[in-house]
file coords35.cif (mmCIF, C-alpha atoms and all ligand atoms)
data_start
loop_
_atom_site.label_atom_id
_atom_site.label_comp_id
_atom_site.auth_asym_id
_atom_site.auth_seq_id
_atom_site.Cartn_x
_atom_site.Cartn_y
_atom_site.Cartn_z
CA MET A 1 0.00 0.00 0.00
CA ALA A 2 1.27 3.49 -0.85
CA GLU A 3 2.41 5.53 2.14
CA PRO A 4 0.41 8.78 2.58
CA CYS A 5 2.53 11.78 1.59
CA PRO A 6 3.73 13.79 4.60
CA THR A 7 2.31 17.30 4.67
CA PRO A 8 4.55 19.24 7.05
CA LEU A 9 3.00 22.56 6.03
CA LEU A 10 -0.63 21.52 6.26
CA GLY A 11 -2.80 24.64 6.34
CA ARG A 12 0.18 27.03 6.63
CA ARG A 13 -0.18 30.18 4.56
CA VAL A 14 2.72 31.17 2.36
CA VAL A 15 2.91 34.02 -0.16
CA VAL A 16 5.53 33.52 -2.84
CA ALA A 17 6.48 36.81 -4.51
CA VAL A 18 8.37 36.52 -7.78
CA SER A 19 10.53 39.29 -9.21
CA GLY A 20 12.10 39.48 -12.66
CA GLY A 21 15.14 37.25 -12.96
CA VAL A 22 15.84 34.22 -15.13
CA ALA A 23 15.61 31.96 -12.08
CA ALA A 24 11.86 32.75 -11.96
CA TYR A 25 11.26 29.55 -13.97
CA LYS A 26 12.51 27.53 -10.98
CA ILE A 27 9.86 29.01 -8.72
CA ALA A 28 7.24 26.80 -10.35
CA ALA A 29 9.05 23.83 -8.76
CA LEU A 30 9.18 25.61 -5.38
CA VAL A 31 5.48 26.50 -5.46
CA SER A 32 4.54 22.97 -6.53
CA ARG A 33 6.57 21.51 -3.65
CA LEU A 34 5.02 23.84 -1.06
CA VAL A 35 1.54 22.95 -2.32
CA GLN A 36 2.40 19.23 -2.02
CA ASP A 37 3.60 19.95 1.51
CA GLY A 38 0.04 21.03 2.30
CA ALA A 39 0.63 24.80 2.37
CA GLU A 40 -1.94 27.28 1.11
CA VAL A 41 0.19 29.17 -1.38
CA ARG A 42 -0.59 32.45 -3.11
CA VAL A 43 1.69 33.94 -5.72
CA ALA A 44 2.35 37.61 -6.48
CA MET A 45 4.49 38.70 -9.44
CA THR A 46 6.20 41.87 -10.59
CA GLU A 47 5.68 43.00 -14.16
CA ALA A 48 9.23 41.94 -15.01
CA ALA A 49 8.68 38.48 -13.50
CA GLN A 50 5.83 37.90 -15.94
CA ARG A 51 8.30 38.25 -18.81
CA PHE A 52 10.14 35.18 -17.49
CA ILE A 53 7.22 32.92 -16.50
CA GLY A 54 3.48 33.24 -17.04
CA PRO A 55 1.05 33.73 -14.15
CA VAL A 56 -1.05 30.91 -15.57
CA THR A 57 1.61 28.40 -14.46
CA PHE A 58 1.28 29.53 -10.85
CA ARG A 59 -2.45 29.75 -11.14
CA GLY A 60 -2.51 26.12 -12.26
CA LEU A 61 -0.20 25.03 -9.46
CA THR A 62 -1.97 26.89 -6.65
CA ASN A 63 -5.50 26.81 -8.00
CA ARG A 64 -5.72 30.46 -6.97
CA PRO A 65 -5.61 33.67 -9.03
CA VAL A 66 -2.13 35.17 -9.19
CA ALA A 67 -1.72 38.72 -7.89
CA VAL A 68 -0.09 40.89 -10.53
CA ASP A 69 -1.82 44.23 -10.66
CA MET A 70 -2.23 46.62 -7.77
CA TRP A 71 -4.83 48.55 -9.75
CA ALA A 72 -7.00 45.60 -10.73
CA ASP A 73 -10.67 45.96 -9.83
CA LEU A 74 -11.26 43.33 -7.18
CA PRO A 75 -14.48 42.18 -5.59
CA GLU A 76 -15.04 42.85 -1.87
CA PRO A 77 -13.60 41.99 0.60
CA GLU A 78 -10.24 41.93 -1.20
CA ALA A 79 -10.34 45.48 -2.52
CA TYR A 80 -6.85 46.02 -1.11
CA GLU A 81 -5.12 42.99 -2.54
CA HIS A 82 -1.69 43.85 -1.13
CA ILE A 83 -3.18 44.21 2.36
CA ALA A 84 -5.15 40.98 1.98
CA LEU A 85 -1.98 39.15 0.89
CA ALA A 86 0.14 40.78 3.58
CA ARG A 87 -2.33 39.68 6.23
CA PHE A 88 -2.89 36.23 4.75
CA ALA A 89 0.80 35.37 4.89
CA GLU A 90 2.39 33.53 7.78
CA LEU A 91 5.56 33.77 5.72
CA LEU A 92 6.50 35.65 2.55
CA VAL A 93 9.16 34.36 0.21
CA LEU A 94 10.64 36.66 -2.41
CA ALA A 95 12.28 34.40 -5.01
CA PRO A 96 14.08 35.19 -7.11
CA ALA A 97 14.86 38.45 -5.34
CA THR A 98 16.25 40.82 -7.97
CA ALA A 99 18.79 43.54 -7.24
CA ASN A 100 16.07 46.02 -8.11
CA THR A 101 13.41 44.69 -5.73
CA LEU A 102 15.98 44.23 -2.94
CA ALA A 103 17.00 47.88 -3.40
CA LYS A 104 13.39 49.04 -3.23
CA LEU A 105 12.74 46.94 -0.16
CA ALA A 106 15.84 48.26 1.60
CA HIS A 107 14.50 51.77 1.14
CA GLY A 108 10.87 51.16 1.93
CA LEU A 109 9.59 51.69 -1.60
CA ALA A 110 6.15 50.36 -2.42
CA ASP A 111 5.48 50.92 -6.11
CA ASN A 112 3.98 47.62 -7.25
CA LEU A 113 1.95 44.76 -5.81
CA VAL A 114 5.04 42.82 -4.66
CA THR A 115 6.88 45.69 -2.95
CA THR A 116 3.67 47.03 -1.40
CA THR A 117 2.78 43.59 -0.01
CA LEU A 118 6.30 43.14 1.35
CA LEU A 119 6.15 46.50 3.09
CA ALA A 120 2.64 45.93 4.45
CA THR A 121 3.17 42.55 6.07
CA GLN A 122 4.01 41.75 9.67
CA ALA A 123 4.96 38.19 8.73
CA PRO A 124 8.60 37.15 8.42
CA ILE A 125 10.11 37.57 4.94
CA LEU A 126 12.57 35.20 3.31
CA LEU A 127 14.68 36.56 0.45
CA ALA A 128 16.35 34.35 -2.16
CA PRO A 129 18.57 36.69 -4.20
CA ALA A 130 19.54 35.81 -7.75
CA MET A 131 21.57 37.98 -10.06
CA ASN A 132 24.72 38.42 -12.08
CA ALA A 133 27.87 38.25 -9.88
CA ALA A 134 28.85 41.87 -10.55
CA MET A 135 25.36 43.02 -9.56
CA TRP A 136 25.55 40.95 -6.36
CA GLU A 137 29.02 42.19 -5.47
CA ASN A 138 28.23 45.80 -6.25
CA PRO A 139 28.70 47.74 -2.99
CA LEU A 140 25.26 49.30 -3.42
CA THR A 141 23.63 45.86 -3.51
CA GLN A 142 25.76 44.71 -0.59
CA ALA A 143 24.77 47.80 1.41
CA ASN A 144 21.09 47.05 0.69
CA VAL A 145 21.56 43.44 1.77
CA ALA A 146 23.28 44.51 5.00
CA ARG A 147 20.45 46.92 5.70
CA LEU A 148 17.85 44.23 5.10
CA ARG A 149 19.67 41.72 7.30
CA GLU A 150 19.79 44.28 10.06
CA ALA A 151 16.07 44.89 9.71
CA GLY A 152 15.43 41.18 10.37
CA PHE A 153 14.86 39.85 6.86
CA HIS A 154 15.89 36.23 6.37
CA PHE A 155 18.14 35.22 3.50
CA VAL A 156 18.76 31.98 1.69
CA GLY A 157 21.70 32.08 -0.72
CA PRO A 158 22.83 33.18 -3.14
CA GLU A 159 25.20 30.36 -4.04
CA THR A 160 28.33 30.48 -6.13
CA GLY A 161 28.05 28.62 -9.40
CA ARG A 162 26.96 28.91 -12.99
CA LEU A 163 24.75 31.95 -13.49
CA GLY A 164 21.95 32.51 -15.96
CA CYS A 165 24.08 34.96 -17.90
CA GLY A 166 26.62 32.20 -18.59
CA GLU A 167 29.26 33.49 -16.15
CA THR A 168 30.36 31.68 -13.02
CA GLY A 169 30.36 33.48 -9.66
CA ALA A 170 28.28 34.49 -6.66
CA GLY A 171 24.63 35.26 -7.38
CA ARG A 172 23.06 31.92 -8.24
CA MET A 173 19.67 31.45 -6.57
CA SER A 174 19.49 28.62 -4.03
CA GLU A 175 17.77 25.53 -5.40
CA PRO A 176 14.01 25.26 -4.73
CA GLU A 177 14.63 22.32 -2.34
CA ASP A 178 17.01 24.47 -0.26
CA ILE A 179 14.56 27.37 -0.22
CA ARG A 180 11.85 24.94 0.89
CA ALA A 181 14.07 23.69 3.74
CA VAL A 182 14.37 27.25 5.07
CA VAL A 183 10.60 27.76 4.67
CA LEU A 184 10.03 24.61 6.75
CA ALA A 185 12.45 25.81 9.42
CA LEU A 186 10.92 29.30 9.58
CA LEU A 187 7.40 27.90 9.82
CA SER A 188 8.23 25.23 12.36
CA PRO A 189 6.30 25.76 15.57
CA GLU A 190 9.59 26.14 17.50
CA ASN A 191 10.07 29.41 15.66
CA GLY A 192 6.46 30.52 16.09
CA PRO A 193 5.49 33.67 18.01
CA LEU A 194 4.11 31.55 20.87
CA ALA A 195 7.11 29.23 21.18
CA GLY A 196 7.78 28.48 24.84
CA ARG A 197 4.32 29.72 25.90
CA ARG A 198 1.80 27.53 27.70
CA VAL A 199 -1.84 27.93 26.81
CA LEU A 200 -4.97 26.57 28.51
CA ILE A 201 -8.30 26.76 26.68
CA THR A 202 -11.77 25.62 27.69
CA ALA A 203 -14.09 24.61 24.87
CA GLY A 204 -17.49 23.05 24.23
CA PRO A 205 -20.62 22.82 26.35
CA THR A 206 -21.12 21.36 29.81
CA ARG A 207 -23.87 19.03 30.96
CA GLU A 208 -25.70 19.51 34.24
CA TRP A 209 -27.53 16.33 35.09
CA LEU A 210 -31.08 16.15 36.44
CA ASP A 211 -30.94 12.39 36.63
CA PRO A 212 -28.82 9.67 34.92
CA VAL A 213 -30.46 10.28 31.52
CA ARG A 214 -31.36 13.97 31.45
CA PHE A 215 -29.24 17.09 31.50
CA LEU A 216 -29.28 20.85 30.93
CA SER A 217 -26.85 21.95 28.24
CA ASN A 218 -26.46 24.28 25.24
CA PRO A 219 -25.72 23.95 21.51
CA SER A 220 -21.96 24.70 21.75
CA THR A 221 -19.79 22.31 19.70
CA GLY A 222 -16.35 23.51 20.83
CA LYS A 223 -15.39 24.55 17.26
CA MET A 224 -14.18 28.03 18.23
CA GLY A 225 -12.11 26.80 21.18
CA LEU A 226 -10.59 24.01 19.09
CA ALA A 227 -9.75 26.46 16.29
CA LEU A 228 -7.97 28.61 18.90
CA ALA A 229 -6.10 25.55 20.13
CA GLN A 230 -5.05 24.56 16.60
CA GLU A 231 -3.83 28.07 15.83
CA ALA A 232 -1.92 28.34 19.13
CA ALA A 233 -0.17 25.01 18.46
CA ALA A 234 0.75 26.18 14.93
CA ARG A 235 2.27 29.30 16.52
CA GLY A 236 4.45 27.16 18.75
CA ALA A 237 2.53 27.08 22.04
CA GLN A 238 2.14 24.07 24.26
CA VAL A 239 -1.65 23.75 24.33
CA THR A 240 -4.13 21.99 26.61
CA VAL A 241 -7.87 22.07 25.96
CA VAL A 242 -10.35 21.26 28.69
CA LEU A 243 -13.15 20.02 26.50
CA GLY A 244 -16.81 19.49 27.26
CA PRO A 245 -18.79 16.79 25.46
CA THR A 246 -18.45 17.19 21.67
CA THR A 247 -17.93 15.04 18.60
CA GLU A 248 -15.46 17.54 17.08
CA SER A 249 -11.94 16.15 16.76
CA VAL A 250 -8.98 17.51 18.68
CA PRO A 251 -6.24 19.00 16.44
CA PRO A 252 -2.92 17.13 16.33
CA GLY A 253 -0.37 18.29 18.88
CA VAL A 254 -3.03 19.54 21.31
CA GLU A 255 -3.59 17.82 24.66
CA ALA A 256 -7.29 17.30 25.48
CA VAL A 257 -8.78 16.78 28.93
CA ARG A 258 -12.37 15.58 28.55
CA VAL A 259 -14.91 16.75 31.10
CA ASP A 260 -18.67 16.67 31.41
CA THR A 261 -19.98 19.11 34.03
CA ALA A 262 -19.12 22.70 34.92
CA LYS A 263 -17.74 21.41 38.22
CA GLN A 264 -15.39 18.99 36.45
CA MET A 265 -14.32 21.76 34.07
CA ARG A 266 -13.54 24.06 36.99
CA GLN A 267 -11.50 21.34 38.72
CA ALA A 268 -9.61 20.46 35.52
CA VAL A 269 -8.73 24.13 34.96
CA ALA A 270 -7.65 24.73 38.56
CA ALA A 271 -5.39 21.67 38.48
CA ARG A 272 -3.57 22.95 35.37
CA LEU A 273 -3.37 26.70 35.92
CA ALA A 274 0.11 26.97 37.39
CA GLY A 275 2.66 28.11 34.79
CA ILE A 276 0.06 28.99 32.14
CA ASP A 277 0.77 32.15 30.09
CA VAL A 278 -2.60 32.50 28.37
CA PHE A 279 -6.02 31.25 29.47
CA ILE A 280 -8.94 31.41 27.06
CA GLY A 281 -12.40 30.55 28.34
CA ALA A 282 -14.19 29.64 25.12
CA ALA A 283 -16.44 26.98 26.66
CA ALA A 284 -20.14 27.60 27.03
CA VAL A 285 -20.20 26.71 30.71
CA ALA A 286 -23.60 26.27 32.33
CA ASP A 287 -24.43 29.18 34.63
CA TYR A 288 -26.84 27.00 36.62
CA ARG A 289 -27.06 23.37 37.61
CA PRO A 290 -29.93 21.47 39.21
CA GLU A 291 -29.71 21.72 42.97
CA ALA A 292 -30.06 17.97 43.21
CA SER A 293 -29.28 15.29 40.66
CA ALA A 294 -31.42 12.17 41.13
CA GLU A 295 -29.50 8.93 41.34
CA GLN A 296 -32.27 7.01 39.62
CA LYS A 297 -34.15 8.01 36.50
CA LEU A 298 -37.04 10.30 37.40
CA LYS A 299 -40.32 8.57 36.68
CA LYS A 300 -42.84 10.13 34.38
CA THR A 301 -45.92 10.86 36.48
CA GLY A 302 -47.68 13.35 34.25
CA ALA A 303 -47.56 15.96 37.01
CA PRO A 304 -45.52 19.14 36.56
CA VAL A 305 -42.01 18.99 38.02
CA GLU A 306 -40.24 21.89 39.63
CA VAL A 307 -36.49 22.03 39.34
CA SER A 308 -34.47 24.29 41.55
CA LEU A 309 -31.26 25.59 39.98
CA GLN A 310 -28.08 26.67 41.74
CA PRO A 311 -25.52 28.99 40.17
CA THR A 312 -22.26 27.34 39.15
CA VAL A 313 -18.87 28.90 39.92
CA ASP A 314 -17.68 31.35 37.25
CA ILE A 315 -14.49 29.62 36.05
CA ILE A 316 -12.99 32.54 34.17
CA ALA A 317 -13.62 35.05 36.96
CA GLU A 318 -11.91 32.62 39.32
CA VAL A 319 -8.93 32.28 36.95
CA ALA A 320 -8.60 36.07 36.69
CA VAL A 321 -8.15 36.49 40.47
CA SER A 322 -6.14 33.31 41.06
CA PRO A 323 -2.63 33.60 42.55
CA ASP A 324 -1.63 31.60 39.44
CA ARG A 325 -3.29 34.14 37.14
CA PRO A 326 -1.95 33.74 33.60
CA THR A 327 -0.44 36.85 31.98
CA VAL A 328 -3.39 37.11 29.60
CA VAL A 329 -6.94 35.99 30.39
CA VAL A 330 -9.44 36.00 27.53
CA GLY A 331 -13.18 35.51 27.82
CA PHE A 332 -16.08 35.16 25.42
CA ALA A 333 -19.43 36.91 25.58
CA ALA A 334 -22.25 35.31 23.64
CA GLU A 335 -25.09 37.79 23.82
CA SER A 336 -28.47 38.20 22.20
CA GLN A 337 -28.88 41.91 23.00
CA ASP A 338 -26.78 45.01 23.89
CA LEU A 339 -23.69 43.12 22.73
CA GLU A 340 -21.06 45.80 23.22
CA SER A 341 -22.23 47.16 26.58
CA GLN A 342 -22.72 43.64 27.97
CA ALA A 343 -19.29 42.57 26.78
CA ALA A 344 -17.58 45.71 28.12
CA ALA A 345 -19.25 45.20 31.50
CA LYS A 346 -18.13 41.55 31.57
CA LEU A 347 -14.54 42.51 30.68
CA GLU A 348 -14.47 44.95 33.59
CA ARG A 349 -16.42 42.86 36.14
CA LYS A 350 -14.38 39.72 35.61
CA GLY A 351 -11.01 41.45 35.33
CA LEU A 352 -10.23 40.08 31.86
CA ASP A 353 -7.58 41.28 29.42
CA LEU A 354 -9.60 40.66 26.27
CA ILE A 355 -13.19 39.73 25.52
CA VAL A 356 -14.49 38.22 22.30
CA ALA A 357 -18.11 39.18 21.89
CA ASN A 358 -20.55 37.69 19.46
CA ASP A 359 -24.19 38.27 18.82
CA ILE A 360 -25.66 34.77 18.75
CA THR A 361 -28.81 35.98 17.00
CA GLN A 362 -26.83 36.81 13.82
CA PRO A 363 -26.77 34.16 11.08
CA GLY A 364 -23.27 32.67 10.67
CA SER A 365 -22.26 33.64 14.20
CA GLY A 366 -21.99 31.75 17.46
CA PHE A 367 -22.95 28.18 18.29
CA GLY A 368 -22.13 25.32 15.95
CA THR A 369 -21.40 27.42 12.83
CA ASP A 370 -18.11 27.32 10.91
CA THR A 371 -18.00 31.11 10.79
CA ASN A 372 -18.14 33.77 13.43
CA GLU A 373 -18.59 37.53 13.53
CA VAL A 374 -17.01 38.99 16.60
CA LEU A 375 -16.10 42.22 18.35
CA LEU A 376 -12.81 42.33 20.27
CA LEU A 377 -12.56 44.62 23.31
CA ASP A 378 -9.47 44.74 25.48
CA HIS A 379 -8.53 46.23 28.82
CA THR A 380 -6.56 49.04 27.16
CA GLY A 381 -9.77 50.28 25.54
CA LYS A 382 -8.92 48.99 22.05
CA ARG A 383 -11.99 47.99 20.05
CA GLU A 384 -11.96 45.94 16.84
CA GLN A 385 -15.03 44.75 14.94
CA LEU A 386 -14.21 41.80 12.66
CA ALA A 387 -16.26 40.89 9.62
CA ARG A 388 -17.85 37.44 9.44
CA MET A 389 -15.05 34.98 8.70
CA PRO A 390 -14.15 31.30 9.23
CA LYS A 391 -13.53 30.40 12.88
CA ARG A 392 -9.90 29.53 12.04
CA THR A 393 -9.37 33.08 10.74
CA VAL A 394 -11.10 34.52 13.80
CA ALA A 395 -8.67 32.41 15.86
CA GLU A 396 -5.69 33.95 14.01
CA ARG A 397 -6.94 37.46 14.69
CA ILE A 398 -7.52 36.67 18.37
CA TRP A 399 -3.98 35.28 18.68
CA GLU A 400 -2.56 38.39 17.00
CA ARG A 401 -4.25 40.46 19.70
CA VAL A 402 -3.17 38.12 22.49
CA GLU A 403 0.43 38.27 21.24
CA GLU A 404 0.21 42.08 21.40
CA LEU A 405 -1.08 41.83 24.97
CA LEU A 406 1.75 39.42 25.83
CA GLY A 407 4.15 42.06 24.55
CA ASN A 408 5.36 39.79 21.80
CA ARG A 409 5.08 42.25 18.99
C1 LIG B 501 17.30 38.21 -19.63
C2 LIG B 501 17.30 38.99 -18.36
C3 LIG B 501 17.66 38.40 -17.20
C4 LIG B 501 17.69 39.09 -16.01
N1 LIG B 501 18.05 38.44 -14.86
C5 LIG B 501 18.12 39.13 -13.71
C6 LIG B 501 18.50 38.48 -12.52
O1 LIG B 501 18.77 37.28 -12.47
N2 LIG B 501 18.60 39.22 -11.39
C7 LIG B 501 18.31 40.55 -11.37
O2 LIG B 501 18.42 41.15 -10.29
N3 LIG B 501 17.89 41.18 -12.48
C8 LIG B 501 17.81 40.51 -13.65
N4 LIG B 501 17.40 41.15 -14.79
C9 LIG B 501 17.05 42.57 -14.70
C10 LIG B 501 15.66 42.77 -14.12
O3 LIG B 501 14.70 42.06 -14.85
C11 LIG B 501 15.34 44.24 -14.05
O4 LIG B 501 16.19 44.88 -13.12
C12 LIG B 501 13.90 44.51 -13.67
O5 LIG B 501 13.69 45.89 -13.60
C13 LIG B 501 13.55 43.88 -12.35
O6 LIG B 501 12.24 44.25 -12.00
P1 LIG B 501 11.54 43.69 -10.69
O7 LIG B 501 12.55 43.78 -9.60
O8 LIG B 501 10.39 44.63 -10.48
O9 LIG B 501 11.07 42.32 -10.97
C14 LIG B 501 17.35 40.45 -16.00
C15 LIG B 501 16.96 41.07 -17.17
C16 LIG B 501 16.93 40.34 -18.34
C17 LIG B 501 16.49 41.04 -19.62
#
call {"tool": "encode", "arguments": {"input": "coords35.cif", "output": "structure tokens"}}
result
Amino acid sequence: MAEPCPTPLLGRRVVVAVSGGVAAYKIAALVSRLVQDGAEVRVAMTEAAQRFIGPVTFRGLTNRPVAVDMWADLPEPEAYEHIALARFAELLVLAPATANTLAKLAHGLADNLVTTTLLATQAPILLAPAMNAAMWENPLTQANVARLREAGFHFVGPETGRLGCGETGAGRMSEPEDIRAVVLALLSPENGPLAGRRVLITAGPTREWLDPVRFLSNPSTGKMGLALAQEAAARGAQVTVVLGPTTESVPPGVEAVRVDTAKQMRQAVAARLAGIDVFIGAAAVADYRPEASAEQKLKKTGAPVEVSLQPTVDIIAEVAVSPDRPTVVVGFAAESQDLESQAAAKLERKGLDLIVANDITQPGSGFGTDTNEVLLLDHTGKREQLARMPKRTVAERIWERVEELLGNR
């Protein structure tokens, strides 16, 4: 039986920007390899690059339109394609990197889709220079390279060898396999922004039992909390999820502690809080539980039954005042009215650092959906309304904010 192909970059988002050198033809092999590795790859090209290789090749390899024109009329919500690409990228690779584009980058120029995207991104950028040896050795190019290195750009190559122009010398672009190896290293979780951080997340519903066969619960599936866990693991964190009953699967690399009731969830959180950097309470924890839970199944008598409910302990409020309080504590507010004022009050009352508020009456928002439309409010007064987007993308945006609050950025 054939072995399944390993996909070390599964779901990772890479933008490959191509500038105008002969080595551009080799970038088809690089893009193809990254796609086979499971990455979501988007390609941007300078005008000169398109003289060396056609966008249609990259379009075929990535199954995505190729970004070539900053002035193209794009449908919403990608009206600013360079910003969309800059945000999409977890890593940008400029290959081949021409002397011209390196020079522009070193001086902050943004005059085409590639340079504008490179300037607009917060993601790491890998440069694979390729040019004639005299161009590479020119002190102006070397000064630009030194400036870029100092500014934190990553380089792969160039190598010494046979150049496109027929000469031999320094300036040959690293082979696609070598560029890929650096991409893998830069995207490995050990290099992620949350490397060395410990994260604890609650997710899913809880069940509060009336008797052995009946419980009070809610429609939460745990999708949002699990998306947060997956994203944190991809960013290098060591992640534990305390997970209420759900059929959703736990992402690879994430430790799951299965619980049933609010009480069990509280105990599981308390037992794991020491040494945690970030706590996110994404679970829909029951606010009330039946005062008594019958040991035997309650018989149907036809008469009305009165159930007395007791409040449960507020897990996140307890975490926020714990002596083991994590550096950042994030809560969720699922509301059906007065979203912003309710969420702001909750942020304040519970002593949270960030609250993620969603209006559960909106279609495509809240319980069980694959998308979410949220408002982020933090303790510094920053407010950010996000459009409706997949829960994984919401998770990315939440982690960007948490990283800011951790002082990572
Ligand atoms: C046949 C040919 C090959 C070229 N190869 C390179 C190259 O390998 N590296 C380079 O920096 N410029 C090379 N150039 C010059 C660039 O294409 C030129 O500087 C262009 O303005 C780069 O534009 P861009 O940086 O926006 O892509 C080459 C030009 C031609 C005509």
call {"tool": "residues_near_ligand", "arguments": {"input": "coords35.cif", "ligand": "ligand LIG 501 (chain B)", "cutoff": "7 Å", "atoms": "all atoms listed in the file", "output": "list in words"}}
result
Ser19, Gly20, Gly21, Val22, Ala23, Thr46, Glu47, Ala48, Ala49, Ala97, Thr98, Ala99, Asn100, Thr101, Ala130, Met131, Asn132 and Gly164 of chain A
call {"tool": "closest_residue", "arguments": {"input": "coords35.cif", "among": "A:Phe279, A:Trp399, A:Trp71, A:Phe155", "to": "Gly331 in chain A", "atoms": "only C-alpha atoms"}}
result
A:Phe279
call {"tool": "residues_around", "arguments": {"input": "coords35.cif", "residues": "range 235-239 of chain A", "least_positions_apart": "3", "cutoff": "7 Å", "atoms": "all atoms listed in the file", "output": "list in words"}}
result
Pro189, Glu190, Asn191, Gly192, Pro193, Leu194, Ala195, Gly196, Arg197, Arg198, Val199, Leu200, Ala229, Glu231, Ala232, Val254 and Glu255 of chain A
call {"tool": "write_last_selection", "arguments": {"input": "coords35.cif", "atoms": "C-alpha atoms", "output": "compact mmCIF listing (two decimals), in the frame of the given file"}}
result
# COMPACT_ATOMS: atom_id res chain seq x y z
CA PRO A 189 6.30 25.76 15.57
CA GLU A 190 9.59 26.14 17.50
CA ASN A 191 10.07 29.41 15.66
CA GLY A 192 6.46 30.52 16.09
CA PRO A 193 5.49 33.67 18.01
CA LEU A 194 4.11 31.55 20.87
CA ALA A 195 7.11 29.23 21.18
CA GLY A 196 7.78 28.48 24.84
CA ARG A 197 4.32 29.72 25.90
CA ARG A 198 1.80 27.53 27.70
CA VAL A 199 -1.84 27.93 26.81
CA LEU A 200 -4.97 26.57 28.51
CA ALA A 229 -6.10 25.55 20.13
CA GLU A 231 -3.83 28.07 15.83
CA ALA A 232 -1.92 28.34 19.13
CA VAL A 254 -3.03 19.54 21.31
CA GLU A 255 -3.59 17.82 24.66
call {"tool": "residues_around", "arguments": {"input": "coords35.cif", "residues": "Asp338 in chain A", "least_positions_apart": "6", "cutoff": "12 Å", "atoms": "only C-alpha atoms", "output": "JSON, numbers by chain"}}
result
{"A": [344, 345, 357, 358, 359, 360, 361]}
call {"tool": "atom_distance", "arguments": {"input": "coords35.cif", "atom1": "CA of Leu92 in chain A", "atom2": "CA of Glu403 in chain A"}}
result
19.8 Å
call {"tool": "closest_residue", "arguments": {"input": "coords35.cif", "among": "A:Arg13, A:Arg392, A:Arg64, A:Arg51", "to": "Ala227 in chain A", "atoms": "all atoms listed in the file"}}
result
A:Arg392
call {"tool": "residues_around", "arguments": {"input": "coords35.cif", "residues": "range 106-111 of chain A", "least_positions_apart": "3", "cutoff": "6 Å", "atoms": "only C-alpha atoms", "output": "MDAnalysis selection string"}}
result
chainID A and resid 103 115:116 144 148
call {"tool": "build_atoms", "arguments": {"input": "coords35.cif", "residues": "range 280-293 of chain A", "atoms": "N, CA and C atoms", "output": "short mmCIF file (atom, residue, chain, number, x, y, z; two decimals), in the coordinates of the input"}}
result
data_model
loop_
_atom_site.label_atom_id
_atom_site.label_comp_id
_atom_site.auth_asym_id
_atom_site.auth_seq_id
_atom_site.Cartn_x
_atom_site.Cartn_y
_atom_site.Cartn_z
N ILE A 280 -7.78 30.96 27.85
CA ILE A 280 -8.94 31.41 27.06
C ILE A 280 -10.15 30.57 27.46
N GLY A 281 -11.16 31.24 27.97
CA GLY A 281 -12.40 30.55 28.34
C GLY A 281 -13.37 30.64 27.18
N ALA A 282 -13.29 29.64 26.28
CA ALA A 282 -14.19 29.64 25.12
C ALA A 282 -15.35 28.68 25.31
N ALA A 283 -15.35 27.95 26.43
CA ALA A 283 -16.44 26.98 26.66
C ALA A 283 -17.73 27.72 26.99
N ALA A 284 -18.83 27.08 26.63
CA ALA A 284 -20.14 27.60 27.03
C ALA A 284 -20.52 26.87 28.31
N VAL A 285 -20.01 27.39 29.42
CA VAL A 285 -20.20 26.71 30.71
C VAL A 285 -21.59 27.04 31.25
N ALA A 286 -22.27 26.03 31.77
CA ALA A 286 -23.60 26.27 32.33
C ALA A 286 -23.49 27.26 33.48
N ASP A 287 -24.42 28.22 33.52
CA ASP A 287 -24.43 29.18 34.63
C ASP A 287 -25.17 28.60 35.83
N TYR A 288 -26.04 27.62 35.55
CA TYR A 288 -26.84 27.00 36.62
C TYR A 288 -26.82 25.49 36.49
N ARG A 289 -26.92 24.83 37.62
CA ARG A 289 -27.06 23.37 37.61
C ARG A 289 -28.21 23.01 38.54
N PRO A 290 -28.85 21.87 38.31
CA PRO A 290 -29.93 21.47 39.21
C PRO A 290 -29.38 21.32 40.63
N GLU A 291 -30.16 21.77 41.58
CA GLU A 291 -29.71 21.72 42.97
C GLU A 291 -29.41 20.28 43.38
N ALA A 292 -30.28 19.39 42.90
CA ALA A 292 -30.06 17.97 43.21
C ALA A 292 -30.11 17.19 41.92
N SER A 293 -29.25 16.17 41.83
CA SER A 293 -29.28 15.29 40.66
C SER A 293 -29.72 13.91 41.16
#
